[in-house]
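Trainee: Below is a structure I'd like to ask you about.
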Amino acid sequence: MKKIINQPSTLMMEMLNGIVMAHPELELLRKHKVIKRKQLDTDKVTLISGGGSGHEPAHAGFVGKGMLDAAVCGEVFASPSQIQVYQAIRETASTKGTLLIIKNYSGDVMNFKNAAHLAEEDGRKVDYVRVEDDIAVEDSLYTVGRRGVAGTVLVHKAAGAAAEEGRSLEEVKRIAQKAADNVRSIGIALTSCTVPAKGSPTFQLAEDEMEYGVGIHGEPGIRREKVLSAGALAKRMTTDVLKDLQITEGSEAELVVLINGFGGTPLQELYAFNHEVAKELSKRHLNVNRSFVGNFMTSIDMAGVSLSILKLDDELKTLISRESDAPAFKVSG
Amino acid sequence: MKKIINQPSTLMMEMLNGIVMAHPELELLRKHKVIKRKQLDTDKVTLISGGGSGHEPAHAGFVGKGMLDAAVCGEVFASPSQIQVYQAIRETASTKGTLLIIKNYSGDVMNFKNAAHLAEEDGRKVDYVRVEDDIAVEDSLYTVGRRGVAGTVLVHKAAGAAAEEGRSLEEVKRIAQKAADNVRSIGIALTSCTVPAKGSPTFQLAEDEMEYGVGIHGEPGIRREKVLSAGALAKRMTTDVLKDLQITEGSEAELVVLINGFGGTPLQELYAFNHEVAKELSKRHLNVNRSFVGNFMTSIDMAGVSLSILKLDDELKTLISRESDAPAFKVSG
Amino acid sequence: MTLTAKQTRAWLLNFSNKIHDNKQYLSDLDQAIGDGDHGSNMSRGVTAVEAAITDESLEKASDVMKKAAMAMVSKVGGASGPLYGSAFLEMAKVIDNEAIARVIAAGLDGIKKRGKAEVEDKTMVDMWAPVVDALQDGRLSVEAIEEAKAQTKPLKAKKGRASYLNERSIGHLDPGAVSSSYLFIALLEEVEVND
Amino acid sequence: MTLTAKQTRAWLLNFSNKIHDNKQYLSDLDQAIGDGDHGSNMSRGVTAVEAAITDESLEKASDVMKKAAMAMVSKVGGASGPLYGSAFLEMAKVIDNEAIARVIAAGLDGIKKRGKAEVEDKTMVDMWAPVVDALQDGRLSVEAIEEAKAQTKPLKAKKGRASYLNERSIGHLDPGAVSSSYLFIALLEEVEVND
Ligand SMILES: Nc1ncnc2c1ncn2[C@@H]1O[C@H](COP(=O)(O)OP(=O)(O)O)[C@@H](O)[C@H]1O
Ligand SMILES: Nc1ncnc2c1ncn2[C@@H]1O[C@H](COP(=O)(O)OP(=O)(O)O)[C@@H](O)[C@H]1O
Ligand SMILES: [Mg+2]
Ligand SMILES: [Mg+2]
Ligand SMILES: [Mg+2]
Ligand SMILES: [Mg+2]
């Protein structure tokens with residue numbers, strides 16, 4: 001394993017320190033591994049997200065004006081404990097209540113929900129929304145739903161803008177839920193990530209292989225296949241996502257596209273991939289309102305890309321283009 | 001070679017298209033591979049930089065308010081031709097003249113300088129500054145000076161802020177030169193990049209090896225060594241850079257730190273490395289004014305990091321903290 | 001027969017040792033159908049458990065169990081933290097008054113309530129449920145535990161991270177079932193359960 | 001003897017073929033002490049040269065050479081683009097009136113003016129300078145070219161990207177000297193230069 005680290009056990013705390021040094025508008029609650037805005041507006045709904053580490057810039061990079069108020073940071077790929085989340089809720093309480101945005105993984109869901117219950121027992125107003133945007137996982141009665149992946153960032157954005165307007169908890173939740181209901185993602189990997197504590201890649205792929213439908217924790221994808229060209233990949237991923245969103249050719253709805261690198265893929269390829277996706281959408285006479293390209297929800301150093309598409313209505317369209325000023329998600333408004 | 005591409009020969013144009021799609025405030029002059037601001041202020045000094053591709057987000061990602069007006073894009077690791085640069089100068093001309101910011105590589109210098117001469121023959125006011133921040137290269141009478149690497153981004157920032165104020169070409173050049181004179185960098189690599197047209201890594205390193213003093217084009221470093229821990233690496237790199245800048249313990253000058261990932265290193269490690277560098281600086285009683293952490297001047301998919309330090313005076317301090325709104329360099333001001 | 005604080009402590013410390021010894025193995029199992037961290041999650045958890053239960057002033061088995069539950073819940077994120085936490089918490093509620101079969105049954109209920117998994121969903125439930133049955137019949141043995149463990153292999157996961165793999169989850173042991181197997185082997189080693 | 005447009009075209013097309021044939025080799029050489037793109041840079045350049053000089057209406061050798069120079073300058077970034085461009089441009093100025101030795105000498109001057117390199121700086125100058133000498137003595141041969149090429153190996157680079165490597169540049173051929181060697185072998189194959 002080649003990494004610029006001291007030892008895996010101290011990496012996370014060093015990283016959190018490094019984040020607040022680079023972004024002095026953020027504050028680290030060391031004991032609970034919570035990164036929060038230094039200046040909280042206690043008169044708006046508090047938005048909290050988080051999860052395991054290893055997805056940087058998620059979620060600390062999304063704390064800031066127009067996005068989150070706090071990110072609760074678990075160990076690499078492990079949800080934060082309910083105590084951490086509970087403390088985050090306490091430390092960022094506002095008069096309007098708190099909304100938790102949870103990526104749908106059993107660990108995250110259990111810990112965030114338990115924390116919400118603990119806080120409610122204190123008499124606080126807390127609600128939550130689960131994001132389940134990954135279409136790689138079949139939606140069926142027998143599973144725990146789908147995974148929450150990069151689409152979550154767009155849920156932060158929409159809910160963040162609504163909260164910033166001073167809307168009620170119910171309203172902000174409605175917006176978050178609407179964004180979550182209208183965003184879908186699919187990801188592929190060319191290489192596996194290497195979890196520092198483990199020191200070796202989580203899976204092995206041959207030079208001509210990729211995994212289609214990977215998660216963001218080094219979980220294998222749903223199929224192992226031969227590598228495709230950027231164009232063929234864009235066509236397939238776009239088709240799959242649009243189908244799941246039930247968007248047909250020529251649909252009026254404007255779309256937000258998020259091209260997310262998993263950490264090891266150069267920006268060069270991400271931008272070129274954006275071009276391929278745009279070509280696919282324009283072939284289908286669909287309108288892109290905005291596209292975001294970069295590393296947003298990574299899987300440490302994995303090479304690969306995910307495509308997320310959010311279907312806008314007028315309300316979401318307005319909110320998505322509002323100003324945001326988080327380290328890893330700045331929109332000029 | 002595992003990349004998400006169609007073929008190497010079309011990658012660059014696809015990438016440039018993908019960039020302007022994601023950033024509609026930018027415009028691509030397809031014929032000359034120039035990315036420029038859509039809205040130019042013809043009453044401020046025009047700032048142009050550029051160079052080979054493969055350094056994304058450099059330089060297109062630094063085109064925007066408070067930074068550059070245009071980036072001229074060469075093929076992967078090859079300077080743009082003088083014709084391209086000349087056309088960029090023509091297409092972005094302002095009443096106050098044009099400043100070229102050149103990374104010190106023979107190819108870049110020759111092509112940008114020739115372009116400046118061509119434009120001067122048209123009666124235009126054009127000047128240039130060379131950035132030579134890489135201390136890996138010994139400064140000697142017999143070499144062509146040092147390489148220009150990630151420190152160049154801070155030169156863009158300072159000069160960009162000065163230009164935005166409406167200063168004269170001479171003034172903007174003075175600022176750019178001052179920033180260039182006060183910034184130094186050093187980089188290390190854990191893996192080589194893979195140039196798409198070549199398809200195999202430019203150099204090979206064993207599992208326990210790193211290259212100290214690498215450039216940003218896959219050039220080997222000045223020494224091949226055993227991998228160091230993040231702390232030991234930060235200590236050595238910080239010491240080397242400070243020494244070259246002649247900054248001694250307890251010096252009053254405030255510093256800007258730029259931790260630059262080469263493309264394949266996860267943000268996790270970059271932030272943790274920022275923490276180690278901050279520790280080294282604070283041990284020496286030095287004051288960090290600001291630190292920037294991320295992928296700014298990459299070498300495609302190389303794993304590694306560079307450290308740049310800019311020594312501030314009051315003037316540079318003001319300029320560095322001015323607002324900037326380029327896709328890859330947003331400062332809130 | 002009910003457990004004493006001393007027995008409970010010995011049981012959990014034995015469990016803890018087994019987790020540490022098999023940390024890498026548990027992560028390897030999780031690598032195949034999950035995200036490769038079950039060993040480190042559990043080892044972080046039991047380290048906290050050890051620290052929490054060494055306090056000699058804990059007089060009742062329920063005190064020890066409650067401390068262990070809190071340690072798991074606060075130190076282990078991931079799915080296994082709250083699940084073991086719930087199990088231990090429910091066990092703490094009855095451990096001072098009920099026989100061991102009823103205690104483990106209470107733990108199983110905690111897991112099922114928290115994780116909504118049923119038998120054959122390829123989770124730790126597939127270890128706890130057969131163990132409860134065996135205890136009720138007074139025939140819990142290492143063999144029975146190993147048997148239950150092996151039974152998770154052909155199952156298709158329906159809960160937890162492995163469920164996202166669908167067909168590809170078949171043919172691998174469930175990591176949580178394996179870590180739970182150490183809990184019950186430790187129980188056999190420390191306590192005479194089948195009397 | 002001065003070159004005709006036809007001879008010049010044949011010479012440059014032959015050069016172009018050699019570059020295409022050795023594209024990978026040139027990049028490999030550049031990989032050792034540079035950034036591994038000299039082959040692709042040159043091949044992009046000569047492709048543009050081919051297209052520019054096929055125009056049969058170019059009547060003078062200088063017209064052909066000027067077109068080639070512009071093609072190199074506009075299509076090749078990197079260090080080699082402006083250097084070959086300057087060489088060809090300076091050669092164009094004299095090619096209609098001077099003997100070949102003077103033509104190559106003019107090219108060499110262009111390179112030196114543009115790149116500020118001297119002999120033994122481990123650049124293409126170390127190919128052009130001995131070739132000029134040999135031409136002046138009427139003894140240019142493949143052996144002399146190969147000899148000059150080999151001479152670049154022990155040198156330490158003082159100009160260009162390889163100079164950043166310092167000591168580590170020793171022991172490798174200079175890629176630009178090698179690509180220039182094809183220019184002169186092509187010249188030998190197309191023109192009787194030593195008369
Ligand atoms: N809903 C659930 N009910 C019961 N057990 C579960 C459930 N979800 C996961 N598990 C158990 O947790 C184990 C994985 O734990 P761990 O790897 O520590 O957490 P994570 O999956 O969050 O990385 C699985 O092997 C399984 O036994
Ligand atoms: N200053 C210079 N003077 C003469 N030749 C030079 C100079 N700099 C570079 N070269 C030549 O250019 C060659 C490298 O060209 P190339 O790889 O195409 O450009 P780059 O170095 O920009 O990648 C070197 O091998 C050398 O022969
Ligand atoms: Mg996990
Ligand atoms: Mg080059
Ligand atoms: Mg796991
Ligand atoms: Mg080169």
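Lettering and numbering for the structure tokens are positional, with chains as A, B, ... in the shown order, residues counted from 1 in each chain, and ligands counted from 1 in the shown order.
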Quick one: DSSP strand (DSSP E or B) residues in segment 137-299 of chain B, as a PyMOL selection string?

Mentor: chain B and resi 183-189+194+201+209-212+223-226+254-261+263+287-294

Trainee: Those same residues - N, CA, C and O atoms - I'd like them written as a CSV table (one decimal), in the first residue's frame.

Mentor:
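File produced: part.csv:
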chain,number,residue,atom,x,y,z
B,183,VAL,N,7.4,32.6,-4.3
B,183,VAL,CA,6.8,31.3,-4.1
B,183,VAL,C,7.8,30.2,-4.5
B,183,VAL,O,8.5,30.3,-5.5
B,184,ARG,N,7.8,29.1,-3.7
B,184,ARG,CA,8.7,28.0,-4.0
B,184,ARG,C,7.9,26.7,-3.8
B,184,ARG,O,7.0,26.7,-2.9
B,185,SER,N,8.3,25.7,-4.5
B,185,SER,CA,7.5,24.4,-4.4
B,185,SER,C,8.5,23.2,-4.5
B,185,SER,O,9.6,23.3,-5.0
B,186,ILE,N,8.0,22.1,-4.0
B,186,ILE,CA,8.7,20.8,-4.1
B,186,ILE,C,7.7,19.7,-4.1
B,186,ILE,O,6.7,19.8,-3.5
B,187,GLY,N,7.9,18.7,-5.0
B,187,GLY,CA,6.9,17.7,-5.2
B,187,GLY,C,7.5,16.3,-5.0
B,187,GLY,O,8.7,16.1,-5.3
B,188,ILE,N,6.6,15.3,-4.6
B,188,ILE,CA,7.1,13.9,-4.6
B,188,ILE,C,6.0,13.1,-5.3
B,188,ILE,O,4.8,13.5,-5.3
B,189,ALA,N,6.4,11.9,-5.8
B,189,ALA,CA,5.5,11.0,-6.5
B,189,ALA,C,5.6,9.6,-5.9
B,189,ALA,O,6.7,9.2,-5.6
B,194,THR,N,0.3,8.1,-16.4
B,194,THR,CA,0.2,7.4,-17.6
B,194,THR,C,-0.3,8.4,-18.7
B,194,THR,O,-1.5,8.8,-18.6
B,201,PRO,N,2.9,3.6,-17.9
B,201,PRO,CA,3.5,4.6,-17.0
B,201,PRO,C,4.8,5.1,-17.4
B,201,PRO,O,5.6,4.4,-18.0
B,209,GLU,N,9.0,2.7,-2.8
B,209,GLU,CA,9.8,3.8,-3.3
B,209,GLU,C,9.0,5.0,-3.7
B,209,GLU,O,7.8,4.9,-4.0
B,210,MET,N,9.6,6.1,-3.6
B,210,MET,CA,9.0,7.4,-4.1
B,210,MET,C,10.1,8.1,-4.8
B,210,MET,O,11.3,7.9,-4.7
B,211,GLU,N,9.7,9.1,-5.6
B,211,GLU,CA,10.6,10.0,-6.3
B,211,GLU,C,10.5,11.4,-5.6
B,211,GLU,O,9.4,11.9,-5.5
B,212,TYR,N,11.6,11.9,-5.2
B,212,TYR,CA,11.6,13.2,-4.5
B,212,TYR,C,12.0,14.2,-5.5
B,212,TYR,O,13.0,14.0,-6.3
B,223,ARG,N,15.8,12.4,-7.0
B,223,ARG,CA,16.3,11.2,-6.3
B,223,ARG,C,15.2,10.2,-6.1
B,223,ARG,O,14.0,10.5,-5.9
B,224,ARG,N,15.5,8.9,-6.2
B,224,ARG,CA,14.6,7.9,-5.9
B,224,ARG,C,14.9,7.4,-4.5
B,224,ARG,O,16.0,7.1,-4.1
B,225,GLU,N,13.9,7.3,-3.6
B,225,GLU,CA,14.1,7.0,-2.2
B,225,GLU,C,13.1,6.1,-1.6
B,225,GLU,O,12.1,5.8,-2.3
B,226,LYS,N,13.3,5.7,-0.4
B,226,LYS,CA,12.3,4.9,0.3
B,226,LYS,C,11.1,5.8,0.7
B,226,LYS,O,11.4,7.0,1.1
B,254,GLU,N,3.8,36.5,6.9
B,254,GLU,CA,2.8,35.5,6.8
B,254,GLU,C,2.9,34.7,5.5
B,254,GLU,O,3.4,35.2,4.5
B,255,LEU,N,2.5,33.4,5.6
B,255,LEU,CA,2.7,32.5,4.5
B,255,LEU,C,1.3,32.0,3.9
B,255,LEU,O,0.4,31.8,4.7
B,256,VAL,N,1.3,31.8,2.7
B,256,VAL,CA,0.2,31.0,2.0
B,256,VAL,C,0.8,29.6,1.7
B,256,VAL,O,1.9,29.5,1.1
B,257,VAL,N,0.0,28.6,2.1
B,257,VAL,CA,0.4,27.2,1.9
B,257,VAL,C,-0.5,26.6,0.8
B,257,VAL,O,-1.7,26.8,0.9
B,258,LEU,N,0.1,26.0,-0.2
B,258,LEU,CA,-0.8,25.3,-1.2
B,258,LEU,C,-0.3,23.8,-1.2
B,258,LEU,O,0.8,23.5,-1.6
B,259,ILE,N,-1.2,23.0,-0.8
B,259,ILE,CA,-1.0,21.5,-0.8
B,259,ILE,C,-1.7,21.0,-2.1
B,259,ILE,O,-2.9,21.0,-2.2
B,260,ASN,N,-0.9,20.6,-3.0
B,260,ASN,CA,-1.4,20.2,-4.3
B,260,ASN,C,-1.3,18.7,-4.6
B,260,ASN,O,-0.2,18.1,-4.5
B,261,GLY,N,-2.4,18.1,-4.9
B,261,GLY,CA,-2.4,16.7,-5.3
B,261,GLY,C,-2.1,16.5,-6.7
B,261,GLY,O,-2.6,17.4,-7.5
B,263,GLY,N,-3.2,14.2,-8.7
B,263,GLY,CA,-4.3,13.7,-9.5
B,263,GLY,C,-4.8,12.3,-8.9
B,263,GLY,O,-6.0,12.0,-8.9
B,287,ASN,N,3.7,32.0,10.7
B,287,ASN,CA,2.2,32.2,10.6
B,287,ASN,C,1.7,31.9,9.2
B,287,ASN,O,2.1,32.5,8.2
B,288,VAL,N,0.7,31.0,9.3
B,288,VAL,CA,0.0,30.7,8.0
B,288,VAL,C,-1.2,31.6,7.8
B,288,VAL,O,-2.1,31.7,8.7
B,289,ASN,N,-1.2,32.3,6.7
B,289,ASN,CA,-2.4,33.2,6.5
B,289,ASN,C,-3.5,32.5,5.9
B,289,ASN,O,-4.7,32.7,6.3
B,290,ARG,N,-3.3,31.5,5.1
B,290,ARG,CA,-4.3,30.7,4.4
B,290,ARG,C,-3.7,29.4,3.9
B,290,ARG,O,-2.5,29.4,3.5
B,291,SER,N,-4.4,28.4,3.9
B,291,SER,CA,-3.9,27.2,3.2
B,291,SER,C,-5.0,26.7,2.2
B,291,SER,O,-6.1,26.7,2.5
B,292,PHE,N,-4.5,26.3,1.0
B,292,PHE,CA,-5.3,25.8,-0.1
B,292,PHE,C,-5.0,24.3,-0.2
B,292,PHE,O,-3.8,24.0,-0.3
B,293,VAL,N,-6.0,23.5,-0.2
B,293,VAL,CA,-5.7,22.0,-0.3
B,293,VAL,C,-6.6,21.4,-1.5
B,293,VAL,O,-7.8,21.6,-1.5
B,294,GLY,N,-5.9,20.7,-2.4
B,294,GLY,CA,-6.7,20.1,-3.4
B,294,GLY,C,-5.9,19.8,-4.6
B,294,GLY,O,-4.6,19.8,-4.6

Trainee: As a quick test: using only C-alpha atoms and all ligand atoms, which residues lie no more than 7 Å away from ligand 5? Give them as a compact mmCIF listing (two decimals) with N, CA, C and O atoms, in the first residue's frame.

Mentor:
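Once written, pocket_25.txt looks like this:
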# COMPACT_ATOMS: atom_id res chain seq x y z
N ASP C 30 -15.66 -9.88 5.13
CA ASP C 30 -16.50 -8.73 4.79
C ASP C 30 -16.07 -8.14 3.44
O ASP C 30 -16.87 -7.51 2.74
N GLY C 34 -18.96 -7.35 1.39
CA GLY C 34 -19.28 -6.06 2.01
C GLY C 34 -18.18 -5.08 1.74
O GLY C 34 -17.68 -5.01 0.62
N ASP C 35 -17.76 -4.35 2.75
CA ASP C 35 -16.75 -3.32 2.53
C ASP C 35 -15.46 -3.57 3.29
O ASP C 35 -14.64 -2.66 3.43
N GLY C 36 -15.30 -4.79 3.78
CA GLY C 36 -14.00 -5.17 4.31
C GLY C 36 -13.61 -4.57 5.65
O GLY C 36 -12.44 -4.49 5.98
N ASP C 37 -14.60 -4.15 6.45
CA ASP C 37 -14.22 -3.51 7.71
C ASP C 37 -14.80 -4.19 8.94
O ASP C 37 -14.66 -3.67 10.04
N HIS C 38 -15.45 -5.33 8.78
CA HIS C 38 -16.11 -5.92 9.96
C HIS C 38 -15.10 -6.24 11.05
O HIS C 38 -15.37 -6.02 12.24
N GLY C 78 -20.97 1.69 11.56
CA GLY C 78 -21.28 0.53 10.74
C GLY C 78 -22.54 -0.13 11.23
O GLY C 78 -23.17 0.32 12.19

Trainee: Using only C-alpha atoms and all ligand atoms, which of the listed residues (B:Asp208, B:Asp181, B:Glu280, B:Glu219) sits closest to ligand 4?

Mentor: B:Glu219

Trainee: Starting from chain A, keep only residues with some atom at most 7 Å from an atom of chain C, counting only C-alpha atoms, and report them as a PyMOL selection string.

Mentor: chain A and resi 74+78-83+105-108+110-111+137+142-144+202+217-219+222

Trainee: Just the residues within 9 Å of Ile175 of chain A, please, counting only C-alpha atoms, with nothing from its chain fewer than 6 positions along; format it as a ChimeraX atom specification.

Mentor: /A:155,158-159,162,315-316

Trainee: Mind writing the picked residues with all heavy atoms as a PDB file, in the first residue's frame?

Mentor:
ATOM      1  N   VAL A 155     -29.078  16.490  -2.978  1.00  0.00           N
ATOM      2  CA  VAL A 155     -30.090  16.621  -1.922  1.00  0.00           C
ATOM      3  C   VAL A 155     -29.625  17.656  -0.887  1.00  0.00           C
ATOM      4  O   VAL A 155     -30.400  18.507  -0.448  1.00  0.00           O
ATOM      5  CB  VAL A 155     -30.381  15.252  -1.252  1.00  0.00           C
ATOM      6  CG1 VAL A 155     -31.397  15.399  -0.135  1.00  0.00           C
ATOM      7  CG2 VAL A 155     -30.856  14.243  -2.297  1.00  0.00           C
ATOM      8  N   ALA A 158     -30.240  21.151  -2.527  1.00  0.00           N
ATOM      9  CA  ALA A 158     -31.629  21.618  -2.577  1.00  0.00           C
ATOM     10  C   ALA A 158     -32.136  21.932  -1.174  1.00  0.00           C
ATOM     11  O   ALA A 158     -32.712  23.001  -0.920  1.00  0.00           O
ATOM     12  CB  ALA A 158     -32.508  20.558  -3.248  1.00  0.00           C
ATOM     13  N   ALA A 159     -31.904  21.009  -0.249  1.00  0.00           N
ATOM     14  CA  ALA A 159     -32.373  21.218   1.123  1.00  0.00           C
ATOM     15  C   ALA A 159     -31.653  22.406   1.757  1.00  0.00           C
ATOM     16  O   ALA A 159     -32.254  23.202   2.494  1.00  0.00           O
ATOM     17  CB  ALA A 159     -32.142  19.950   1.949  1.00  0.00           C
ATOM     18  N   ALA A 162     -33.195  25.595   0.638  1.00  0.00           N
ATOM     19  CA  ALA A 162     -34.509  25.791   1.271  1.00  0.00           C
ATOM     20  C   ALA A 162     -34.342  26.227   2.727  1.00  0.00           C
ATOM     21  O   ALA A 162     -35.030  27.130   3.203  1.00  0.00           O
ATOM     22  CB  ALA A 162     -35.329  24.505   1.187  1.00  0.00           C
ATOM     23  N   GLU A 315     -39.509  24.413  -8.628  1.00  0.00           N
ATOM     24  CA  GLU A 315     -39.045  24.659  -7.270  1.00  0.00           C
ATOM     25  C   GLU A 315     -37.598  24.195  -7.083  1.00  0.00           C
ATOM     26  O   GLU A 315     -36.737  24.943  -6.591  1.00  0.00           O
ATOM     27  CB  GLU A 315     -39.963  23.907  -6.312  1.00  0.00           C
ATOM     28  CG  GLU A 315     -39.793  24.248  -4.870  1.00  0.00           C
ATOM     29  CD  GLU A 315     -40.844  23.553  -4.011  1.00  0.00           C
ATOM     30  OE1 GLU A 315     -41.175  22.368  -4.292  1.00  0.00           O
ATOM     31  OE2 GLU A 315     -41.335  24.181  -3.065  1.00  0.00           O
ATOM     32  N   LEU A 316     -37.310  22.967  -7.505  1.00  0.00           N
ATOM     33  CA  LEU A 316     -35.945  22.452  -7.358  1.00  0.00           C
ATOM     34  C   LEU A 316     -34.970  23.259  -8.214  1.00  0.00           C
ATOM     35  O   LEU A 316     -33.830  23.522  -7.809  1.00  0.00           O
ATOM     36  CB  LEU A 316     -35.877  20.972  -7.757  1.00  0.00           C
ATOM     37  CG  LEU A 316     -36.516  19.982  -6.784  1.00  0.00           C
ATOM     38  CD1 LEU A 316     -36.461  18.569  -7.355  1.00  0.00           C
ATOM     39  CD2 LEU A 316     -35.835  20.030  -5.413  1.00  0.00           C
TER      40      LEU A 316
END

Trainee: For the contact check between chain A and chain B, emit one row per residue of chain A within 7 Å, containing the shortest atom pair and the distance in Å rounded to one decimal, counting only C-alpha atoms, chain then rising number order, as CSV.

Mentor:
residue,atom,partner,partner_atom,distance
A:Lys2,CA,B:Glu207,CA,6.7
A:Ile4,CA,B:Ala230,CA,5.1
A:Ile5,CA,B:Ala230,CA,4.6
A:Asn6,CA,B:Ser229,CA,4.9
A:Leu11,CA,B:Ala272,CA,6.6
A:Glu14,CA,B:Ala272,CA,4.8
A:Met15,CA,B:Ala272,CA,3.9
A:Asn17,CA,B:His275,CA,6.0
A:Gly18,CA,B:His275,CA,4.3
A:Ile19,CA,B:Tyr271,CA,5.7
A:Ala22,CA,B:Ser291,CA,4.9
A:Gly54,CA,B:Gln268,CA,6.8
A:Glu56,CA,B:Leu267,CA,5.9
A:Pro57,CA,B:Leu267,CA,6.8
A:Leu190,CA,B:Lys2,CA,6.7
A:Glu207,CA,B:Lys2,CA,6.7
A:Ser229,CA,B:Asn6,CA,4.9
A:Ala230,CA,B:Ile5,CA,4.6
A:Gly231,CA,B:Asn6,CA,6.4
A:Gly263,CA,B:Pro266,CA,5.6
A:Gly264,CA,B:Gly264,CA,4.6
A:Thr265,CA,B:Asp301,CA,6.6
A:Pro266,CA,B:Asp301,CA,5.4
A:Leu267,CA,B:Glu56,CA,5.9
A:Gln268,CA,B:Met15,CA,6.0
A:Glu269,CA,B:Ile4,CA,6.0
A:Tyr271,CA,B:Gly18,CA,4.6
A:Ala272,CA,B:Met15,CA,3.9
A:Asn274,CA,B:Gly18,CA,5.2
A:His275,CA,B:Gly18,CA,4.3
A:Arg290,CA,B:Ala22,CA,6.7
A:Ser291,CA,B:Ala22,CA,4.9
A:Phe292,CA,B:Ala22,CA,5.9
A:Val293,CA,B:Ala22,CA,6.6
A:Ile300,CA,B:Pro266,CA,5.6
A:Asp301,CA,B:Pro266,CA,5.4

Trainee: Do you have the atom CA of Lys178 of chain A-atom CA of Gly66 of chain A distance handy?

Mentor: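 Pair atom CA of Lys178 of chain A / atom CA of Gly66 of chain A returns 17.3 Å.
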
Trainee: Residues at most 12 Å from Lys60 of chain D, counting only C-alpha atoms, excluding those fewer than 3 positions away in the same chain, as a list of chain:residue names?

Mentor: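 With the cut-off at 12 Å, the set is D:Thr2, D:Leu3, D:Thr4, D:Ala5, D:Lys6, D:Gln7, D:Thr8, D:Arg9, D:Ile53, D:Asp55, D:Glu56, D:Ser57, D:Asp63, D:Val64, D:Met65, D:Lys66, D:Lys67, D:Ala92, D:Lys93, D:Val94, D:Ile95, D:Asp96, D:Asn97.
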
Trainee: Between A:Leu100, A:Ala180, A:Leu47, A:Ile216, which is the closest to ligand 3 once you count only C-alpha atoms and all ligand atoms?

Mentor: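 Ranked by minimum distance to ligand 3, first place goes to A:Ile216.
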
Trainee: Could you tell me which of D:Phe88, D:Met124, D:Gly176, D:Gln151 comes closest to ligand 4 if we count only C-alpha atoms and all ligand atoms?

Mentor: D:Gly176

Trainee: Please identify which residues in segment 36-187 of chain C DSSP calls helix (DSSP H, G or I) from the backbone, and express them as an MDAnalysis selection string.

Mentor: chainID C and resid 38:53 61:75 80:94 100:115 125:136 142:151 161:169 175:187

Trainee: At a cut-off of 10 Å, using only C-alpha atoms, what residues contact Ala177 of chain C? Leave out same-chain residues fewer than 4 positions from it and give the result as a ChimeraX atom specification.

Mentor: /C:122-128,145,148-152,173,181-183

Trainee: Would you save the residues from that selection as a PDB file, in the first residue's frame, using C-alpha atoms?

Mentor:
ATOM      1  CA  LYS C 122     -27.792 -14.084   5.697  1.00  0.00           C
ATOM      2  CA  THR C 123     -27.053 -11.979   8.752  1.00  0.00           C
ATOM      3  CA  MET C 124     -25.964 -12.538  12.312  1.00  0.00           C
ATOM      4  CA  VAL C 125     -29.585 -13.565  12.968  1.00  0.00           C
ATOM      5  CA  ASP C 126     -28.658 -16.849  11.274  1.00  0.00           C
ATOM      6  CA  MET C 127     -26.187 -17.466  14.078  1.00  0.00           C
ATOM      7  CA  TRP C 128     -28.262 -16.203  16.995  1.00  0.00           C
ATOM      8  CA  ILE C 145     -22.232 -23.261  16.202  1.00  0.00           C
ATOM      9  CA  ALA C 148     -24.953 -22.637  11.879  1.00  0.00           C
ATOM     10  CA  LYS C 149     -22.023 -20.672  10.571  1.00  0.00           C
ATOM     11  CA  ALA C 150     -21.626 -22.934   7.542  1.00  0.00           C
ATOM     12  CA  GLN C 151     -25.347 -22.619   6.844  1.00  0.00           C
ATOM     13  CA  THR C 152     -24.936 -18.921   6.043  1.00  0.00           C
ATOM     14  CA  LEU C 173     -19.948 -16.864   5.002  1.00  0.00           C
ATOM     15  CA  SER C 181     -20.061 -17.433  16.550  1.00  0.00           C
ATOM     16  CA  TYR C 182     -17.085 -16.299  18.650  1.00  0.00           C
ATOM     17  CA  LEU C 183     -19.485 -14.840  21.197  1.00  0.00           C
TER      18      LEU C 183
END
